[in-house]
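With mmCIF, C-alpha atoms inside, this is run.cif:
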data_query
#
loop_
_atom_site.group_PDB
_atom_site.id
_atom_site.type_symbol
_atom_site.label_atom_id
_atom_site.label_comp_id
_atom_site.auth_asym_id
_atom_site.auth_seq_id
_atom_site.Cartn_x
_atom_site.Cartn_y
_atom_site.Cartn_z
ATOM 1 C CA MET N 127 0.000 0.000 0.000
ATOM 2 C CA ASN N 128 2.793 2.379 1.008
ATOM 3 C CA THR N 129 4.745 1.512 -2.117
ATOM 4 C CA GLN N 130 1.660 2.207 -4.214
ATOM 5 C CA ASN N 131 1.158 5.605 -2.540
ATOM 6 C CA HIS N 132 4.807 6.477 -3.006
ATOM 7 C CA HIS N 133 4.555 5.508 -6.668
ATOM 8 C CA ASN N 134 1.451 7.707 -7.124
ATOM 9 C CA ASP N 135 3.209 10.644 -5.460
ATOM 10 C CA GLU N 136 6.158 10.253 -7.805
ATOM 11 C CA GLU N 137 3.873 10.143 -10.810
ATOM 12 C CA ARG N 138 2.109 13.289 -9.630
ATOM 13 C CA ILE N 139 5.419 15.095 -9.191
ATOM 14 C CA ASP N 140 6.451 13.984 -12.683
ATOM 15 C CA ALA N 141 3.199 15.311 -14.129
ATOM 16 C CA LEU N 142 3.624 18.595 -12.269
ATOM 17 C CA ASP N 143 7.255 18.918 -13.350
ATOM 18 C CA HIS N 144 6.207 18.273 -16.914
ATOM 19 C CA LEU N 145 3.690 21.141 -16.729
ATOM 20 C CA ILE N 146 6.290 23.407 -15.130
ATOM 21 C CA PHE N 147 8.909 22.619 -17.794
ATOM 22 C CA ARG N 148 6.364 23.245 -20.525
ATOM 23 C CA GLU N 149 5.561 26.664 -19.036
ATOM 24 C CA LEU N 150 9.262 27.511 -18.673
ATOM 25 C CA GLY N 151 9.686 26.556 -22.327
ATOM 26 C CA ARG N 152 6.735 28.621 -23.472
ATOM 27 C CA GLN N 153 7.979 31.745 -21.717
ATOM 28 C CA GLN N 154 11.509 31.214 -23.009
ATOM 29 C CA GLN N 155 10.167 30.854 -26.572
ATOM 30 C CA MET N 156 8.372 34.180 -26.162
ATOM 31 C CA ARG N 157 11.614 35.772 -24.998
ATOM 32 C CA GLN N 158 13.438 34.412 -28.050
ATOM 33 C CA GLN N 159 10.659 35.587 -30.342
ATOM 34 C CA MET N 160 10.857 39.088 -28.844
ATOM 35 C CA GLN N 161 14.608 39.055 -29.374
ATOM 36 C CA GLN N 162 14.025 38.278 -33.059
ATOM 37 C CA TRP N 163 11.519 41.122 -33.359
ATOM 38 C CA ASP N 164 14.042 43.479 -31.744
ATOM 39 C CA ASN N 165 16.704 42.437 -34.243
ATOM 40 C CA ARG N 166 14.332 42.843 -37.155
ATOM 41 C CA GLN N 167 13.299 46.307 -35.945
ATOM 42 C CA ARG N 168 16.960 47.279 -35.603
ATOM 43 C CA GLN N 169 17.629 46.125 -39.174
ATOM 44 C CA ARG N 170 14.617 48.043 -40.440
ATOM 45 C CA LEU N 171 15.844 51.225 -38.729
ATOM 46 C CA ARG N 172 19.337 50.707 -40.109
ATOM 47 C CA SER N 173 18.099 50.248 -43.653
ATOM 48 C CA ARG N 174 15.939 53.367 -43.287
ATOM 49 C CA LEU N 175 18.803 55.432 -41.856
ATOM 50 C CA LEU N 176 21.455 54.291 -44.321
ATOM 51 C CA PRO N 177 20.236 56.326 -47.349
ATOM 52 C CA VAL N 178 19.850 59.410 -45.143
ATOM 53 C CA VAL N 179 23.376 59.042 -43.791
ATOM 54 C CA SER N 180 24.810 58.475 -47.250
ATOM 55 C CA ASN N 181 22.977 61.558 -48.588
ATOM 56 C CA VAL N 182 24.320 63.695 -45.756
ATOM 57 C CA ALA N 183 27.797 62.336 -46.423
ATOM 58 C CA SER N 184 27.506 63.188 -50.150
ATOM 59 C CA VAL N 185 26.391 66.733 -49.394
ATOM 60 C CA ALA N 186 29.222 67.155 -46.879
ATOM 61 C CA ALA N 187 31.740 65.830 -49.417
ATOM 62 C CA LEU N 188 30.495 68.272 -52.057
ATOM 63 C CA PHE N 189 30.720 71.139 -49.591
ATOM 64 C CA VAL N 190 34.308 70.264 -48.655
ATOM 65 C CA MET N 191 35.206 69.893 -52.330
ATOM 66 C CA GLY N 192 33.768 73.353 -52.958
ATOM 67 C CA LEU N 193 35.867 74.820 -50.153
ATOM 68 C CA VAL N 194 39.024 73.191 -51.524
ATOM 69 C CA LEU N 195 38.367 74.448 -55.044
ATOM 70 C CA GLN N 196 37.702 77.921 -53.724
ATOM 71 C CA ALA N 197 40.994 77.910 -51.841
ATOM 72 C CA MET N 198 42.847 76.763 -54.960
ATOM 73 C CA LEU N 199 41.581 79.621 -57.181
ATOM 74 C CA PRO N 200 44.058 82.555 -57.618
ATOM 75 C CA THR N 201 43.022 85.928 -56.226
ATOM 76 C CA THR N 202 43.272 89.034 -58.404
ATOM 77 C CA LYS N 203 43.959 92.401 -56.957
ATOM 78 C CA VAL N 204 41.733 95.051 -58.485
ATOM 79 C CA THR N 205 42.756 98.619 -58.203
ATOM 80 C CA THR N 206 40.241 101.331 -58.749
ATOM 81 C CA GLU N 207 41.347 104.874 -59.125
ATOM 82 C CA VAL N 208 38.838 107.656 -59.144
ATOM 83 C CA LYS N 209 39.886 111.108 -59.927
ATOM 84 C CA THR N 210 37.983 113.894 -58.288
ATOM 85 C CA PRO N 211 37.386 117.195 -60.021
ATOM 86 C CA ILE N 212 39.945 118.960 -57.823
ATOM 87 C CA GLY N 213 42.649 116.487 -58.787
ATOM 88 C CA LEU N 214 42.801 114.269 -55.685
ATOM 89 C CA ALA N 215 43.065 110.595 -56.402
ATOM 90 C CA ILE N 216 41.238 108.084 -54.228
ATOM 91 C CA THR N 217 42.629 104.623 -54.517
ATOM 92 C CA ASP N 218 40.793 101.536 -53.277
ATOM 93 C CA SER N 219 42.112 97.991 -53.341
ATOM 94 C CA THR N 220 39.820 95.009 -53.168
ATOM 95 C CA SER N 221 40.530 91.315 -53.391
ATOM 96 C CA VAL N 222 38.225 89.551 -55.733
ATOM 97 C CA GLU N 223 38.216 85.813 -55.908
ATOM 98 C CA THR N 224 38.239 85.392 -59.636
ATOM 99 C CA ASP N 225 41.023 84.874 -62.038
ATOM 100 C CA SER N 226 39.864 87.049 -64.883
ATOM 101 C CA LEU N 227 38.235 90.095 -63.491
ATOM 102 C CA HIS N 228 39.832 93.348 -64.574
ATOM 103 C CA ILE N 229 38.217 96.657 -64.045
ATOM 104 C CA GLN N 230 39.718 99.686 -65.586
ATOM 105 C CA GLU N 231 38.449 103.186 -65.252
ATOM 106 C CA MET L 87 -9.122 54.359 -21.475
ATOM 107 C CA GLN L 88 -9.219 51.247 -23.638
ATOM 108 C CA THR L 89 -8.718 51.479 -27.327
ATOM 109 C CA LEU L 90 -9.340 49.283 -30.332
ATOM 110 C CA THR L 91 -5.634 48.554 -30.185
ATOM 111 C CA ASP L 92 -6.135 46.798 -26.829
ATOM 112 C CA ILE L 93 -8.849 44.548 -28.179
ATOM 113 C CA GLY L 94 -6.789 43.930 -31.287
ATOM 114 C CA MET L 95 -3.832 42.931 -29.160
ATOM 115 C CA VAL L 96 -5.875 40.497 -27.073
ATOM 116 C CA GLU L 97 -7.266 38.899 -30.226
ATOM 117 C CA ALA L 98 -3.833 38.678 -31.861
ATOM 118 C CA VAL L 99 -2.296 37.080 -28.770
ATOM 119 C CA VAL L 100 -5.148 34.595 -28.386
ATOM 120 C CA GLN L 101 -4.932 33.645 -32.072
ATOM 121 C CA GLY L 102 -1.132 33.560 -31.936
ATOM 122 C CA ASN L 103 -0.979 35.853 -34.964
ATOM 123 C CA ASN L 104 2.757 36.411 -35.154
ATOM 124 C CA SER L 105 2.869 39.403 -37.474
ATOM 125 C CA GLN L 106 0.163 41.192 -35.480
ATOM 126 C CA MET L 107 1.941 40.335 -32.246
ATOM 127 C CA GLU L 108 5.147 41.809 -33.659
ATOM 128 C CA HIS L 109 3.244 44.995 -34.481
ATOM 129 C CA TYR L 110 1.851 45.222 -30.921
ATOM 130 C CA TYR L 111 5.246 44.343 -29.482
ATOM 131 C CA ASN L 112 6.824 47.329 -31.253
ATOM 132 C CA ASP L 113 3.891 49.545 -30.308
ATOM 133 C CA CYS L 114 4.105 48.565 -26.625
ATOM 134 C CA LYS L 115 7.869 48.978 -26.638
ATOM 135 C CA ARG L 116 7.597 52.503 -28.036
ATOM 136 C CA TYR L 117 5.052 53.363 -25.342
ATOM 137 C CA PHE L 118 7.128 51.736 -22.623
ATOM 138 C CA MET L 119 10.376 53.456 -23.584
ATOM 139 C CA THR L 120 8.623 56.840 -23.769
ATOM 140 C CA HIS L 121 7.064 56.463 -20.320
ATOM 141 C CA ALA L 122 9.665 54.357 -18.527
ATOM 142 C CA ALA L 123 11.342 57.426 -17.046
ATOM 143 C CA ALA L 124 8.127 58.234 -15.178
ATOM 144 C CA ILE L 125 8.225 55.017 -13.163
ATOM 145 C CA PHE L 126 11.908 54.271 -12.831
ATOM 146 C CA VAL L 127 15.294 55.397 -14.020
ATOM 147 C CA PRO L 128 15.679 53.602 -17.329
ATOM 148 C CA ASP L 129 19.002 51.845 -17.569
ATOM 149 C CA SER L 130 20.383 48.872 -19.405
ATOM 150 C CA ASN L 131 17.725 46.739 -17.665
ATOM 151 C CA ALA L 132 14.809 48.580 -19.238
ATOM 152 C CA ASN L 133 14.553 46.182 -22.162
ATOM 153 C CA ASP L 134 14.587 43.129 -19.882
ATOM 154 C CA ILE L 135 11.929 44.620 -17.628
ATOM 155 C CA PHE L 136 9.811 45.453 -20.658
ATOM 156 C CA GLN L 137 10.060 41.926 -22.064
ATOM 157 C CA GLU L 138 9.263 40.271 -18.739
ATOM 158 C CA ALA L 139 6.290 42.568 -18.204
ATOM 159 C CA LEU L 140 4.964 41.901 -21.693
ATOM 160 C CA ILE L 141 5.389 38.136 -21.282
ATOM 161 C CA HIS L 142 3.412 38.465 -18.055
ATOM 162 C CA LEU L 143 0.659 40.397 -19.810
ATOM 163 C CA TRP L 144 0.515 38.045 -22.784
ATOM 164 C CA ARG L 145 0.431 34.939 -20.602
ATOM 165 C CA GLU L 146 -2.492 36.539 -18.730
ATOM 166 C CA ILE L 147 -4.231 36.847 -22.084
ATOM 167 C CA GLN L 148 -3.267 33.371 -23.294
ATOM 168 C CA THR L 149 -4.551 31.766 -20.110
ATOM 169 C CA HIS L 150 -7.846 33.668 -20.500
ATOM 170 C CA ARG L 151 -7.494 35.835 -17.426
ATOM 171 C CA ILE L 152 -7.829 38.882 -19.641
ATOM 172 C CA VAL L 153 -10.540 38.445 -22.242
ATOM 173 C CA VAL L 154 -12.677 40.454 -24.615
ATOM 174 C CA PHE L 155 -16.290 40.141 -23.505
ATOM 175 C CA GLU L 156 -19.121 42.020 -25.210
ATOM 176 C CA GLY L 157 -16.587 44.273 -26.896
ATOM 177 C CA ARG L 158 -14.848 45.201 -23.657
ATOM 178 C CA LEU L 159 -11.703 44.077 -21.968
ATOM 179 C CA CYS L 160 -12.449 42.109 -18.823
ATOM 180 C CA ARG L 161 -10.361 40.437 -16.175
ATOM 181 C CA ARG L 162 -11.321 37.286 -14.331
ATOM 182 C CA THR L 163 -11.438 37.916 -10.602
ATOM 183 C CA ASP L 164 -13.052 35.551 -8.109
ATOM 184 C CA GLY L 165 -14.756 33.730 -10.910
ATOM 185 C CA HIS L 166 -16.319 36.874 -12.345
ATOM 186 C CA LEU L 167 -15.492 38.888 -15.391
ATOM 187 C CA ILE L 168 -14.807 42.432 -14.241
ATOM 188 C CA PRO L 169 -14.475 45.120 -16.924
ATOM 189 C CA MET L 170 -10.990 46.597 -16.880
ATOM 190 C CA LYS L 171 -10.798 50.302 -16.238
ATOM 191 C CA SER L 172 -7.274 50.811 -17.459
ATOM 192 C CA SER L 173 -5.768 50.306 -20.870
ATOM 193 C CA LEU L 174 -3.390 47.444 -21.522
ATOM 194 C CA HIS L 175 -0.557 49.951 -21.773
ATOM 195 C CA THR L 176 -1.288 51.149 -18.239
ATOM 196 C CA PHE L 177 -1.597 47.563 -17.064
ATOM 197 C CA LEU L 178 1.758 46.773 -18.683
ATOM 198 C CA MET L 179 3.379 49.742 -16.960
ATOM 199 C CA ALA L 180 2.008 48.564 -13.597
ATOM 200 C CA ILE L 181 3.541 45.106 -14.111
ATOM 201 C CA ALA L 182 6.835 46.682 -15.210
ATOM 202 C CA LYS L 183 6.875 48.950 -12.180
ATOM 203 C CA ARG L 184 6.345 45.994 -9.887
ATOM 204 C CA LYS L 185 9.064 43.971 -11.615
ATOM 205 C CA HIS L 186 11.459 46.872 -11.307
ATOM 206 C CA TRP L 187 10.855 47.215 -7.573
ATOM 207 C CA GLU L 188 11.238 43.472 -7.111
ATOM 208 C CA GLN L 189 14.630 43.696 -8.765
ATOM 209 C CA VAL L 190 15.648 46.620 -6.594
ATOM 210 C CA ARG L 191 14.491 44.769 -3.485
ATOM 211 C CA LEU L 192 16.335 41.605 -4.474
ATOM 212 C CA GLN L 193 19.524 43.468 -5.315
ATOM 213 C CA GLN L 194 19.449 45.071 -1.888
ATOM 214 C CA ARG L 195 18.888 41.691 -0.323
ATOM 215 C CA TRP L 196 21.692 40.135 -2.345
ATOM 216 C CA THR L 197 24.184 42.602 -1.005
ATOM 217 C CA LEU L 198 23.254 41.540 2.515
ATOM 218 C CA THR L 199 22.928 37.796 2.179
ATOM 219 C CA ASP L 200 24.883 34.830 1.014
ATOM 220 C CA ASN L 201 24.904 34.503 -2.758
ATOM 221 C CA ASP L 202 24.126 30.838 -2.687
ATOM 222 C CA ARG L 203 20.954 31.305 -0.738
ATOM 223 C CA VAL L 204 17.900 30.719 -2.823
ATOM 224 C CA LEU L 205 15.717 33.749 -2.979
ATOM 225 C CA GLU L 206 12.168 33.658 -1.894
ATOM 226 C CA THR L 207 9.666 33.627 -4.658
ATOM 227 C CA LEU L 208 7.456 36.580 -5.014
ATOM 228 C CA ASP L 209 4.302 37.411 -3.201
ATOM 229 C CA ASN L 210 1.674 34.935 -4.199
ATOM 230 C CA ASN L 211 -1.359 37.107 -4.087
ATOM 231 C CA ARG L 212 -0.632 39.801 -6.586
ATOM 232 C CA PHE L 213 -1.985 37.960 -9.582
ATOM 233 C CA ASP L 214 -4.087 35.548 -7.749
ATOM 234 C CA THR L 215 -5.819 32.781 -9.613
ATOM 235 C CA THR L 216 -9.239 31.855 -8.398
ATOM 236 C CA PRO L 217 -11.757 29.249 -9.427
ATOM 237 C CA ASP L 218 -14.174 30.343 -12.087
ATOM 238 C CA ASP L 219 -16.125 28.940 -14.928
ATOM 239 C CA ALA L 220 -12.949 27.877 -16.643
ATOM 240 C CA ASP L 221 -12.242 24.166 -16.491
ATOM 241 C CA ASP L 222 -9.657 22.538 -14.245
ATOM 242 C CA ALA L 223 -7.036 22.358 -16.960
ATOM 243 C CA GLU L 224 -7.240 26.100 -17.524
ATOM 244 C CA VAL L 225 -7.066 26.878 -13.817
ATOM 245 C CA LYS L 226 -4.119 24.515 -13.458
ATOM 246 C CA GLN L 227 -2.375 26.207 -16.343
ATOM 247 C CA SER L 228 -3.045 29.625 -14.807
ATOM 248 C CA ILE L 229 -1.563 28.564 -11.496
ATOM 249 C CA ILE L 230 1.569 27.190 -13.128
ATOM 250 C CA THR L 231 1.914 30.243 -15.371
ATOM 251 C CA ASP L 232 1.632 32.495 -12.327
ATOM 252 C CA ALA L 233 4.131 30.510 -10.322
ATOM 253 C CA VAL L 234 6.692 30.570 -13.140
ATOM 254 C CA LEU L 235 6.077 34.240 -13.899
ATOM 255 C CA ASN L 236 6.485 35.165 -10.272
ATOM 256 C CA MET L 237 9.658 33.198 -9.772
ATOM 257 C CA THR L 238 12.760 35.229 -9.108
ATOM 258 C CA GLU L 239 14.827 36.164 -12.119
ATOM 259 C CA ARG L 240 17.685 34.085 -10.766
ATOM 260 C CA CYS L 241 15.596 30.929 -10.372
ATOM 261 C CA ARG L 242 13.977 31.429 -13.744
ATOM 262 C CA GLN L 243 17.332 31.663 -15.456
ATOM 263 C CA ILE L 244 18.798 28.637 -13.706
ATOM 264 C CA LEU L 245 15.776 26.435 -14.388
ATOM 265 C CA THR L 246 15.377 27.619 -17.991
ATOM 266 C CA LEU L 247 19.043 27.062 -18.761
ATOM 267 C CA PHE L 248 19.034 23.622 -17.163
ATOM 268 C CA TYR L 249 15.662 22.185 -18.142
ATOM 269 C CA TYR L 250 14.791 24.034 -21.350
ATOM 270 C CA GLU L 251 18.168 24.697 -22.928
ATOM 271 C CA HIS L 252 19.677 21.510 -21.465
ATOM 272 C CA ARG L 253 22.872 23.289 -20.399
ATOM 273 C CA SER L 254 25.239 21.485 -18.062
ATOM 274 C CA LEU L 255 25.917 22.836 -14.570
ATOM 275 C CA ASP L 256 29.427 23.846 -15.702
ATOM 276 C CA GLU L 257 27.992 25.866 -18.573
ATOM 277 C CA ILE L 258 25.459 27.560 -16.285
ATOM 278 C CA LEU L 259 28.247 28.311 -13.829
ATOM 279 C CA ALA L 260 30.184 30.027 -16.623
ATOM 280 C CA LEU L 261 27.108 32.062 -17.583
ATOM 281 C CA ARG L 262 26.160 32.936 -14.010
ATOM 282 C CA PRO L 263 29.383 33.414 -12.075
ATOM 283 C CA GLU L 264 27.573 34.660 -8.954
ATOM 284 C CA ASN L 265 27.115 31.017 -8.023
ATOM 285 C CA ASN L 266 30.544 30.310 -6.659
ATOM 286 C CA THR L 267 30.536 26.547 -6.794
ATOM 287 C CA LYS L 268 28.925 23.768 -8.764
ATOM 288 C CA MET L 269 27.493 22.385 -5.550
ATOM 289 C CA GLY L 270 26.028 25.810 -4.713
ATOM 290 C CA LEU L 271 24.418 25.981 -8.128
ATOM 291 C CA LYS L 272 23.036 22.472 -7.791
ATOM 292 C CA THR L 273 21.529 23.381 -4.422
ATOM 293 C CA SER L 274 20.047 26.561 -5.866
ATOM 294 C CA LYS L 275 18.500 24.649 -8.745
ATOM 295 C CA TYR L 276 17.034 22.076 -6.390
ATOM 296 C CA LYS L 277 15.606 24.706 -4.047
ATOM 297 C CA CYS L 278 14.171 26.767 -6.894
ATOM 298 C CA MET L 279 12.398 23.711 -8.246
ATOM 299 C CA GLN L 280 11.175 22.725 -4.786
ATOM 300 C CA THR L 281 9.829 26.211 -4.098
ATOM 301 C CA LEU L 282 8.070 26.240 -7.436
ATOM 302 C CA ARG L 283 6.501 22.816 -6.890
ATOM 303 C CA GLN L 284 5.456 23.784 -3.378
ATOM 304 C CA ARG L 285 3.846 27.008 -4.559
ATOM 305 C CA VAL L 286 1.901 25.226 -7.279
ATOM 306 C CA ARG L 287 0.834 22.420 -4.965
ATOM 307 C CA GLN L 288 -0.398 24.888 -2.325
ATOM 308 C CA GLN L 289 -2.550 26.638 -4.905
ATOM 309 C CA PHE L 290 -3.891 23.325 -6.207
ATOM 310 C CA GLU L 291 -4.808 22.261 -2.690
ATOM 311 C CA ARG L 292 -6.398 25.611 -1.960
ATOM 312 C CA LEU L 293 -8.658 25.155 -4.970
ATOM 313 C CA ASN L 294 -9.176 21.419 -4.506
ATOM 314 C CA ILE L 295 -7.533 20.566 -7.776
ATOM 315 C CA SER L 296 -5.671 17.328 -8.233
ATOM 316 C CA ILE L 297 -2.396 17.287 -10.126
#

Since I need it in another form, could you write the structure as structure tokens?
Amino acid sequence: MNTQNHHNDEERIDALDHLIFRELGRQQQMRQQMQQWDNRQRQRLRSRLLPVVSNVASVAALFVMGLVLQAMLPTTKVTTEVKTPIGLAITDSTSVETDSLHIQE
Amino acid sequence: MQTLTDIGMVEAVVQGNNSQMEHYYNDCKRYFMTHAAAIFVPDSNANDIFQEALIHLWREIQTHRIVVFEGRLCRRTDGHLIPMKSSLHTFLMAIAKRKHWEQVRLQQRWTLTDNDRVLETLDNNRFDTTPDDADDAEVKQSIITDAVLNMTERCRQILTLFYYEHRSLDEILALRPENNTKMGLKTSKYKCMQTLRQRVRQQFERLNISI
């Protein structure tokens, strides 16, 4: 009788453990599924951000290129002389960032 | 205030509609991350707390403790369906808040006690399962779900790694170095399982349910 009872108790514990393990498994599967969703969302964000970043980089590169070209261009000194009616000469010097601008008066 | 989104989420979770669940997962996460600062200081744990809280909420739905009845969200309490006053987002935040404080409490306790001591499982009555019109199998499932959900993080990890992922004690020891020895880990695993069994059995007895 005692052996039978002991056997029944063991069976009950096995059945309970089985239910517990199944629940542990279910919750762990949900965790793994959520992890996958997180990864997918991260990929989606990355693929959405990538074109924006590359566009910004292109614009920045163009801007820098423009600055470099500007620095490379020779500067021409333009002298303007204006004679006043009483014979005084007013001279003004200006730097103009072009290579072919000549003003003569 | 409940929205159509709440009802949609309950239906998606009950049906196990993966793509819909993914949509609600992202929606809930956005909401959680926006409001997390109001309930606790968000840190690297925020994502873990969010996931555990959402698993809790979804298991409540899957075990029919939160249902849609006559177009409204209801919660089973003492065998009755009581209309829920809050939205699922608010409910989720309440679970998250509780989980956060449990972690804080346990961390404080860990600094005071021996690392190998098995932590107590959480208060039994917070998400109490009571007999209702659901059949025995459903009530049983609810009790087990509750017991596993309310286990400590430490016990959950040890038992999941050992029984679900079939990791060896040495592997678990490498993953969880706070257990100093293999024997300590083995004792922890045994006590976690015992506490879990005991908790479930007590609830079964309370409700006159046989295993």

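Evaluating the PyMOL selection byres ((chain N) within 8 of (chain L)) against the shown model yields Arg138, Ala141, Leu142, Asp143, Leu145, Ile146, Phe147, Glu149, Leu150, Gly151, Gln153, Gln154, Met156, Arg157, Met160 and Trp163 of chain N.
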
- Query: Within 12 Å of stretch 253-262 of chain L, counting only C-alpha atoms, which residues qualify if same-chain residues fewer than 5 places away don't, as a PyMOL selection string?
  - Reply: chain L and resi 201-202+239-241+243-248+267-275

Once 5 Å is added on each side, what are the centre and the three edge lengths, in Å to one decimal, of the axis-aligned box enclosing the listed atoms of stretch 265-278 of chain L? Present them as AutoDock Vina command-line options.
--center_x 22.4 --center_y 26.5 --center_z -6.4 --size_x 26.4 --size_y 18.9 --size_z 14.7

- Mind listing as a PyMOL selection string all residues within 6 Å of (-0.7, 46.3, -32.0), counting only C-alpha atoms? chain L and resi 91+95+109-110+113

Output C-alpha atoms for every residue in the selection just made, as a PDB file, in the frame of the given file.
ATOM      1  CA  THR L  91      -5.634  48.554 -30.185  1.00  0.00           C
ATOM      2  CA  MET L  95      -3.832  42.931 -29.160  1.00  0.00           C
ATOM      3  CA  HIS L 109       3.244  44.995 -34.481  1.00  0.00           C
ATOM      4  CA  TYR L 110       1.851  45.222 -30.921  1.00  0.00           C
ATOM      5  CA  ASP L 113       3.891  49.545 -30.308  1.00  0.00           C
TER       6      ASP L 113
END

- Using atom CA of L:Thr176 and atom CA of N:Arg148 as the two end points, give the distance in Å to one decimal. 29.0 Å

- Could you work out how far atom CA of L:Arg292 lies from atom CA of L:Lys277, giving the answer in Å with one decimal? 22.1 Å

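Atom pair atom CA of L:Ile147 / atom CA of N:Gln159: separated by 17.1 Å.
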
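Shortest separation to N:Gln161 among L:Gly157, L:Arg191, L:Phe136, L:Glu291 occurs at residue L:Phe136, atoms counted being all atoms listed in the file.
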
- Item | L:Ala132 environment, 12 Å, all atoms listed in the file, sequence neighbours closer than 2 positions dropped, as a ChimeraX atom specification | /L:115,118-123,125-130,134-139,179,182-183,185-186,189

- Task: Let me know the residues the PyMOL selection byres ((chain L and resi 94) around 12) catches in the file above, as a PyMOL selection string.
- Result: chain L and resi 88-93+95-103+106-107+109-110+147+153-154+157-159+174

Complete stretch 259-277 of chain L with N, CA and C atoms (output as a JSON list (two decimals), in the frame of the given file).
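File out.json, as written:
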[["chain", "number", "residue", "atom", "x", "y", "z"],
["L", 259, "LEU", "N", 27.31, 27.66, -14.73],
["L", 259, "LEU", "CA", 28.25, 28.31, -13.83],
["L", 259, "LEU", "C", 29.06, 29.37, -14.57],
["L", 260, "ALA", "N", 29.42, 29.06, -15.81],
["L", 260, "ALA", "CA", 30.18, 30.03, -16.62],
["L", 260, "ALA", "C", 29.32, 31.23, -16.98],
["L", 261, "LEU", "N", 28.02, 30.98, -17.21],
["L", 261, "LEU", "CA", 27.11, 32.06, -17.58],
["L", 261, "LEU", "C", 26.68, 32.89, -16.38],
["L", 262, "ARG", "N", 26.61, 32.24, -15.22],
["L", 262, "ARG", "CA", 26.16, 32.94, -14.01],
["L", 262, "ARG", "C", 27.22, 32.79, -12.92],
["L", 263, "PRO", "N", 28.26, 33.61, -13.01],
["L", 263, "PRO", "CA", 29.38, 33.41, -12.08],
["L", 263, "PRO", "C", 29.07, 33.75, -10.62],
["L", 264, "GLU", "N", 27.88, 34.32, -10.36],
["L", 264, "GLU", "CA", 27.57, 34.66, -8.95],
["L", 264, "GLU", "C", 27.38, 33.40, -8.10],
["L", 265, "ASN", "N", 27.13, 32.27, -8.77],
["L", 265, "ASN", "CA", 27.12, 31.02, -8.02],
["L", 265, "ASN", "C", 28.57, 30.55, -7.95],
["L", 266, "ASN", "N", 29.10, 30.55, -6.75],
["L", 266, "ASN", "CA", 30.54, 30.31, -6.66],
["L", 266, "ASN", "C", 30.95, 28.88, -7.01],
["L", 267, "THR", "N", 30.12, 27.94, -6.59],
["L", 267, "THR", "CA", 30.54, 26.55, -6.79],
["L", 267, "THR", "C", 29.44, 25.77, -7.52],
["L", 268, "LYS", "N", 29.87, 24.63, -8.06],
["L", 268, "LYS", "CA", 28.92, 23.77, -8.76],
["L", 268, "LYS", "C", 27.89, 23.23, -7.77],
["L", 269, "MET", "N", 28.39, 22.91, -6.58],
["L", 269, "MET", "CA", 27.49, 22.38, -5.55],
["L", 269, "MET", "C", 26.47, 23.45, -5.16],
["L", 270, "GLY", "N", 26.93, 24.70, -5.05],
["L", 270, "GLY", "CA", 26.03, 25.81, -4.71],
["L", 270, "GLY", "C", 24.95, 25.97, -5.77],
["L", 271, "LEU", "N", 25.36, 25.85, -7.02],
["L", 271, "LEU", "CA", 24.42, 25.98, -8.13],
["L", 271, "LEU", "C", 23.40, 24.85, -8.11],
["L", 272, "LYS", "N", 23.91, 23.65, -7.83],
["L", 272, "LYS", "CA", 23.04, 22.47, -7.79],
["L", 272, "LYS", "C", 21.99, 22.64, -6.69],
["L", 273, "THR", "N", 22.45, 23.15, -5.54],
["L", 273, "THR", "CA", 21.53, 23.38, -4.42],
["L", 273, "THR", "C", 20.50, 24.44, -4.81],
["L", 274, "SER", "N", 20.97, 25.49, -5.45],
["L", 274, "SER", "CA", 20.05, 26.56, -5.87],
["L", 274, "SER", "C", 18.99, 26.01, -6.81],
["L", 275, "LYS", "N", 19.43, 25.23, -7.76],
["L", 275, "LYS", "CA", 18.50, 24.65, -8.74],
["L", 275, "LYS", "C", 17.46, 23.78, -8.04],
["L", 276, "TYR", "N", 17.93, 22.97, -7.11],
["L", 276, "TYR", "CA", 17.03, 22.08, -6.39],
["L", 276, "TYR", "C", 16.01, 22.88, -5.59],
["L", 277, "LYS", "N", 16.51, 23.92, -4.89],
["L", 277, "LYS", "CA", 15.61, 24.71, -4.05],
["L", 277, "LYS", "C", 14.62, 25.52, -4.88]]
